[in-house]
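Engineer: File name start28.tsv; file contents TSV, C-alpha atoms; full text below.
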chain	number	residue	atom	x	y	z
A	1	ILE	CA	83.17	95.45	100.85
A	2	GLY	CA	84.12	99.10	100.86
A	3	TYR	CA	87.07	98.45	103.15
A	4	ARG	CA	89.90	100.96	103.08
A	5	TRP	CA	93.03	101.69	105.06
A	6	HIS	CA	91.55	103.73	107.90
A	7	GLY	CA	87.90	102.92	107.36
A	8	GLU	CA	85.63	100.10	108.31
A	9	PRO	CA	84.17	97.58	105.87
A	10	ASN	CA	80.54	97.62	104.86
A	11	LEU	CA	79.47	94.98	107.35
A	12	GLU	CA	76.23	94.15	105.56
A	13	VAL	CA	78.08	93.40	102.32
A	14	LEU	CA	80.71	91.43	104.23
A	15	LEU	CA	78.11	89.34	106.01
A	16	THR	CA	76.01	88.65	102.91
A	17	SER	CA	79.07	87.79	100.81
A	18	GLY	CA	79.27	84.37	102.40
A	19	ALA	CA	83.05	84.61	102.62
A	20	ASP	CA	84.68	81.94	104.73
A	21	LEU	CA	87.37	84.37	105.80
A	22	ALA	CA	88.09	88.10	105.55
A	23	LEU	CA	91.76	89.02	105.64
A	24	MET	CA	91.75	92.62	106.81
A	25	THR	CA	94.80	94.84	106.47
A	26	VAL	CA	94.95	97.06	109.53
A	27	ASP	CA	97.27	99.98	110.09
A	28	SER	CA	98.23	99.17	113.67
A	29	PRO	CA	97.30	96.71	116.41
A	30	SER	CA	95.60	99.54	118.29
A	31	ASN	CA	93.35	100.54	115.37
A	32	VAL	CA	91.31	97.44	114.70
A	33	LYS	CA	87.76	98.72	115.12
A	34	GLY	CA	86.70	97.33	111.75
A	35	LEU	CA	88.10	93.93	112.64
A	36	ALA	CA	86.31	93.85	115.99
A	37	ARG	CA	83.02	94.97	114.42
A	38	ALA	CA	83.30	92.32	111.68
A	39	ARG	CA	83.90	89.65	114.29
A	40	GLY	CA	81.06	91.06	116.38
A	41	ILE	CA	78.55	90.25	113.63
A	42	GLY	CA	79.91	86.74	113.18
A	43	ALA	CA	82.23	87.24	110.23
A	44	ALA	CA	85.48	85.28	110.34
A	45	ALA	CA	87.99	88.13	110.12
A	46	VAL	CA	91.70	88.15	110.83
A	47	PRO	CA	94.25	90.97	110.74
A	48	THR	CA	97.18	91.25	108.38
A	49	PHE	CA	100.17	93.50	108.85
A	50	GLN	CA	102.37	92.39	105.93
A	51	TRP	CA	102.77	95.99	104.81
A	52	ALA	CA	104.76	96.71	108.01
A	53	GLU	CA	107.56	94.24	107.30
A	54	SER	CA	111.02	95.77	107.13
A	55	HIS	CA	112.49	92.93	105.06
A	56	TYR	CA	111.23	91.53	101.76
A	57	LEU	CA	111.57	87.95	103.02
A	58	GLY	CA	109.49	88.94	106.04
A	59	ARG	CA	106.75	90.03	103.69
A	60	ALA	CA	107.04	86.80	101.70
A	61	GLU	CA	106.76	84.84	104.93
A	62	TRP	CA	103.18	86.06	105.35
A	63	LEU	CA	102.14	83.32	102.95
A	64	LYS	CA	102.70	80.96	105.91
A	65	TYR	CA	100.16	82.92	107.93
A	66	VAL	CA	97.55	82.76	105.17
A	67	ALA	CA	98.28	79.07	104.66
A	68	LEU	CA	97.23	78.36	108.24
A	69	PHE	CA	93.63	79.09	107.30
A	70	TYR	CA	93.72	76.58	104.45
A	71	ASN	CA	95.63	73.77	106.16
A	72	ALA	CA	98.40	74.35	103.63
A	73	GLU	CA	101.30	74.95	106.00
A	74	ALA	CA	103.57	72.32	104.39
A	75	SER	CA	103.12	73.83	100.92
A	76	ALA	CA	103.66	77.35	102.22
A	77	ASN	CA	106.79	76.36	104.11
A	78	ALA	CA	108.19	74.62	101.03
A	79	LEU	CA	107.43	77.63	98.81
A	80	PHE	CA	108.97	80.07	101.27
A	81	ASP	CA	112.08	77.89	101.62
A	82	GLU	CA	112.40	77.87	97.81
A	83	VAL	CA	112.10	81.66	97.68
A	84	ALA	CA	114.71	82.02	100.45
A	85	ARG	CA	117.10	79.70	98.57
A	86	GLU	CA	116.64	81.66	95.35
A	87	VAL	CA	117.29	84.93	97.20
A	88	ALA	CA	120.50	83.45	98.65
A	89	ASP	CA	121.54	82.27	95.17
A	90	LEU	CA	120.90	85.72	93.68
A	91	LYS	CA	122.85	87.42	96.46
A	92	ASP	CA	125.77	85.07	95.78
A	93	LEU	CA	125.53	85.83	92.07
A	94	VAL	CA	125.81	89.60	92.51
A	95	ARG	CA	128.30	89.55	95.38
A	96	ASN	CA	131.36	89.51	93.10
A	97	GLN	CA	130.05	91.52	90.18
A	98	PRO	CA	132.30	94.41	89.17
A	99	GLY	CA	130.88	97.87	89.68
A	100	ARG	CA	127.76	98.88	91.51
A	101	PRO	CA	125.15	100.80	89.57
A	102	THR	CA	123.37	103.63	91.33
A	103	VAL	CA	119.65	103.04	91.77
A	104	LEU	CA	116.89	105.28	93.08
A	105	TRP	CA	113.63	103.74	94.28
A	106	GLY	CA	110.81	106.08	95.07
A	107	TYR	CA	107.77	107.92	93.79
A	108	TYR	CA	106.46	111.43	93.41
A	109	SER	CA	103.98	112.38	96.12
A	110	GLY	CA	103.15	115.79	94.65
A	111	ASN	CA	103.90	119.40	95.53
A	112	GLY	CA	107.64	119.05	95.00
A	113	ARG	CA	107.97	116.08	97.37
A	114	TRP	CA	109.22	112.57	96.68
A	115	MET	CA	109.08	109.45	98.83
A	116	MET	CA	112.44	107.71	98.47
A	117	HIS	CA	113.20	104.31	99.99
A	118	GLN	CA	115.79	104.66	102.68
A	119	ASN	CA	115.13	102.14	105.45
A	120	ASN	CA	112.44	99.68	104.46
A	121	LEU	CA	112.16	96.44	102.54
A	122	GLU	CA	112.79	98.14	99.19
A	123	ALA	CA	116.00	99.70	100.53
A	124	ARG	CA	117.02	96.32	101.97
A	125	LEU	CA	116.45	94.68	98.59
A	126	LEU	CA	118.64	97.26	96.85
A	127	ALA	CA	121.38	96.73	99.45
A	128	ASP	CA	121.20	92.97	99.06
A	129	VAL	CA	121.62	93.14	95.27
A	130	GLN	CA	124.75	95.23	95.76
A	131	VAL	CA	123.65	98.48	94.13
A	132	THR	CA	124.28	101.97	95.42
A	133	ASN	CA	121.19	103.69	96.79
A	134	PRO	CA	121.98	107.37	97.51
A	135	TYR	CA	119.34	107.40	100.23
A	136	ILE	CA	120.11	104.20	102.11
A	137	ASP	CA	120.10	104.48	105.89
A	138	LEU	CA	119.31	101.05	107.27
A	139	ASP	CA	120.12	102.20	110.81
A	140	GLY	CA	117.78	105.20	110.76
A	141	ASP	CA	114.07	105.43	111.45
A	142	ARG	CA	112.06	103.03	109.31
A	143	ARG	CA	109.22	104.32	107.18
A	144	THR	CA	107.41	101.71	105.13
A	145	ASP	CA	106.38	104.22	102.46
A	146	GLY	CA	109.75	105.96	102.10
A	147	GLU	CA	111.36	109.14	103.33
A	148	PRO	CA	110.06	112.53	102.14
A	149	ILE	CA	112.66	114.27	99.95
A	150	SER	CA	112.30	117.63	98.24
A	151	SER	CA	112.66	117.90	94.47
A	152	GLU	CA	115.76	120.04	95.02
A	153	ASP	CA	117.41	117.46	97.28
A	154	LEU	CA	116.55	114.69	94.84
A	155	LEU	CA	118.36	116.57	92.06
A	156	ILE	CA	121.46	116.86	94.24
A	157	ALA	CA	121.58	113.22	95.35
A	158	GLY	CA	120.02	111.42	92.41
A	159	ALA	CA	120.66	113.26	89.17
A	160	ASP	CA	123.42	110.84	88.17
A	161	ALA	CA	121.63	107.63	89.23
A	162	GLU	CA	121.81	105.11	86.41
A	163	HIS	CA	118.48	103.43	87.19
A	164	TRP	CA	115.26	104.46	88.86
A	165	ILE	CA	112.45	102.25	90.07
A	166	ILE	CA	109.54	104.65	90.11
A	167	GLY	CA	105.84	104.27	90.70
A	168	ASP	CA	103.50	103.44	93.51
A	169	ILE	CA	99.76	103.29	93.95
A	170	HIS	CA	100.08	106.56	95.89
A	171	SER	CA	102.12	108.30	93.19
A	172	ALA	CA	101.03	111.63	91.81
A	173	ASP	CA	101.62	112.52	88.17
A	174	LEU	CA	105.31	113.13	87.56
A	175	PRO	CA	106.60	116.69	87.43
A	176	SER	CA	107.28	118.33	84.08
A	177	ALA	CA	109.57	116.70	81.53
A	178	ASN	CA	111.92	119.68	81.99
A	179	TYR	CA	112.51	118.60	85.57
A	180	MET	CA	112.70	114.87	84.81
A	181	ARG	CA	115.24	115.42	81.98
A	182	GLN	CA	117.77	116.42	84.60
A	183	PHE	CA	118.08	112.78	85.71
A	184	ALA	CA	120.43	110.36	83.94
A	185	ALA	CA	117.98	107.47	84.41
A	186	TRP	CA	115.24	109.48	82.68
A	187	GLN	CA	117.50	110.44	79.78
A	188	SER	CA	118.65	106.85	79.21
A	189	GLY	CA	115.18	105.32	79.65
A	190	ASN	CA	116.24	103.32	82.71
A	191	LEU	CA	113.07	103.90	84.67
The structure given in the file should be rewritten as structure tokens.
Structural biologist:
Amino acid sequence: IGYRWHGEPNLEVLLTSGADLALMTVDSPSNVKGLARARGIGAAAVPTFQWAESHYLGRAEWLKYVALFYNAEASANALFDEVAREVADLKDLVRNQPGRPTVLWGYYSGNGRWMMHQNNLEARLLADVQVTNPYIDLDGDRRTDGEPISSEDLLIAGADAEHWIIGDIHSADLPSANYMRQFAAWQSGNL
């Protein structure tokens, strides 16, 4: 339907699609012009904000919201409860493991800048599995997409990280192999 983050959907395509429901990701409650216009032409459209969750279980809980539109609340609640139990089990499993590997999680945004997860659901997940994240700051300002870090600062804080979760739909092509070779995770293939 041509819908994108800050743009409006193609209302003609939306209306002729015959969709029973349009789940529309919106960037903020104050920027819902596309949602209002879709509703204005009679399309059943509802907002979603799952991207804004600060905890991975909060994001998983959005399945309950979607389930409301399909009268599937009981199934969604049961599935979420199962996920929450498995998360608790995994946290118990890693709680007493010896050693804590160092893990970076972030992507290259281009021009010598990286977006590293510091205070968002990815950072929370790393904390909960008992790894060391050089950038963790769960009390600081929360940015869903990560904190901008220069390539120089990343070398200082992350060169010795044993593992690196890298990649994002917004990621630019990685810098040269000469730069990437300076990271232990790159050298060992733990990306």
Engineer: To one decimal place, how far is CA of Arg39 in chain A from CA of Val66 in chain A in Å?
Structural biologist: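 So the two atoms, CA of Arg39 in chain A and CA of Val66 in chain A, lie 17.8 Å apart.
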Engineer: Taking (115.2, 110.1, 93.4) as a centre in this file's frame and 10 Å as the limit, can you find every polymer residue with an atom that close, using only C-alpha atoms, and give them as a PDB file with C-alpha atoms, keeping the file's coordinate frame?
Structural biologist:
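The resulting point33.pdb:
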ATOM      1  CA  VAL A 103     119.650 103.040  91.770  1.00  0.00           C
ATOM      2  CA  LEU A 104     116.890 105.280  93.080  1.00  0.00           C
ATOM      3  CA  TRP A 105     113.630 103.740  94.280  1.00  0.00           C
ATOM      4  CA  GLY A 106     110.810 106.080  95.070  1.00  0.00           C
ATOM      5  CA  TYR A 107     107.770 107.920  93.790  1.00  0.00           C
ATOM      6  CA  TYR A 108     106.460 111.430  93.410  1.00  0.00           C
ATOM      7  CA  TRP A 114     109.220 112.570  96.680  1.00  0.00           C
ATOM      8  CA  MET A 115     109.080 109.450  98.830  1.00  0.00           C
ATOM      9  CA  MET A 116     112.440 107.710  98.470  1.00  0.00           C
ATOM     10  CA  HIS A 117     113.200 104.310  99.990  1.00  0.00           C
ATOM     11  CA  ASN A 133     121.190 103.690  96.790  1.00  0.00           C
ATOM     12  CA  PRO A 134     121.980 107.370  97.510  1.00  0.00           C
ATOM     13  CA  TYR A 135     119.340 107.400 100.230  1.00  0.00           C
ATOM     14  CA  ILE A 149     112.660 114.270  99.950  1.00  0.00           C
ATOM     15  CA  SER A 150     112.300 117.630  98.240  1.00  0.00           C
ATOM     16  CA  SER A 151     112.660 117.900  94.470  1.00  0.00           C
ATOM     17  CA  ASP A 153     117.410 117.460  97.280  1.00  0.00           C
ATOM     18  CA  LEU A 154     116.550 114.690  94.840  1.00  0.00           C
ATOM     19  CA  LEU A 155     118.360 116.570  92.060  1.00  0.00           C
ATOM     20  CA  ILE A 156     121.460 116.860  94.240  1.00  0.00           C
ATOM     21  CA  ALA A 157     121.580 113.220  95.350  1.00  0.00           C
ATOM     22  CA  GLY A 158     120.020 111.420  92.410  1.00  0.00           C
ATOM     23  CA  ALA A 159     120.660 113.260  89.170  1.00  0.00           C
ATOM     24  CA  ASP A 160     123.420 110.840  88.170  1.00  0.00           C
ATOM     25  CA  ALA A 161     121.630 107.630  89.230  1.00  0.00           C
ATOM     26  CA  HIS A 163     118.480 103.430  87.190  1.00  0.00           C
ATOM     27  CA  TRP A 164     115.260 104.460  88.860  1.00  0.00           C
ATOM     28  CA  ILE A 165     112.450 102.250  90.070  1.00  0.00           C
ATOM     29  CA  ILE A 166     109.540 104.650  90.110  1.00  0.00           C
ATOM     30  CA  PHE A 183     118.080 112.780  85.710  1.00  0.00           C
ATOM     31  CA  ALA A 185     117.980 107.470  84.410  1.00  0.00           C
TER      32      ALA A 185
END
Engineer: Using CA of Glu122 in chain A and CA of Ser188 in chain A as the two end points, give the distance in Å to one decimal.
Structural biologist: 22.6 Å
Engineer: Which residue is closest to Trp62 in chain A? Choose from A:Ser17, A:Asn96, A:Thr144, A:Gln50 and count all atoms listed in the file.
Structural biologist: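 Result for the nearest residue to Trp62 in chain A: A:Gln50.
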Engineer: Compile the contact shell of Gly2 in chain A as a ChimeraX atom specification: residues with an atom at most 12 Å away, counting only C-alpha atoms, same-chain residues fewer than 6 positions apart removed.
Structural biologist: /A:8-14,24,34
Engineer: Could you state the separation of CA of Ser109 in chain A and CA of Ser171 in chain A in Å, given to one decimal place?
Structural biologist: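 Atom-to-atom, CA of Ser109 in chain A and CA of Ser171 in chain A are spaced 5.4 Å apart.
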Engineer: Using all atoms listed in the file, pick whichever of A:Gly110, A:Glu162, A:Phe80, A:Gly18 has the shortest atom-to-atom distance to Thr132 in chain A.
Structural biologist: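 Going through A:Gly110, A:Glu162, A:Phe80, A:Gly18 one by one, the smallest distance to Thr132 in chain A is for A:Glu162.
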Engineer: Neighbourhood query: residues within 6 Å of (106.0, 97.0, 108.9), file coordinates, counting only C-alpha atoms; return as a PDB file with C-alpha atoms, keeping the file's coordinate frame.
Structural biologist:
ATOM      1  CA  TRP A  51     102.770  95.990 104.810  1.00  0.00           C
ATOM      2  CA  ALA A  52     104.760  96.710 108.010  1.00  0.00           C
ATOM      3  CA  GLU A  53     107.560  94.240 107.300  1.00  0.00           C
ATOM      4  CA  SER A  54     111.020  95.770 107.130  1.00  0.00           C
TER       5      SER A  54
END
Engineer: For Gly140 in chain A, list every protein, DNA or RNA residue within 12 Å, evaluated using all atoms listed in the file, and leave out those in the same chain fewer than 6 positions away; present the list as a ChimeraX atom specification.
Structural biologist: /A:117-120,123,146-147
Engineer: When you count all atoms listed in the file, which of these residues is closest to Phe49 in chain A: A:Asp27, A:Ala127, A:Ser176, A:Asn111?
Structural biologist: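 Once distances to Phe49 in chain A are computed over all atoms listed in the file, the minimum belongs to A:Asp27.
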Engineer: Compile the contact shell of Pro47 in chain A as a ChimeraX atom specification: residues with an atom at most 10 Å away, counting all atoms listed in the file, same-chain residues fewer than 5 positions apart removed.
Structural biologist: /A:22-29,32,34-36
Engineer: Considering all atoms listed in the file, can you say which of A:Ile169, A:Pro98, A:Glu61, A:Gly42 comes closest to Glu82 in chain A?
Structural biologist: A:Glu61
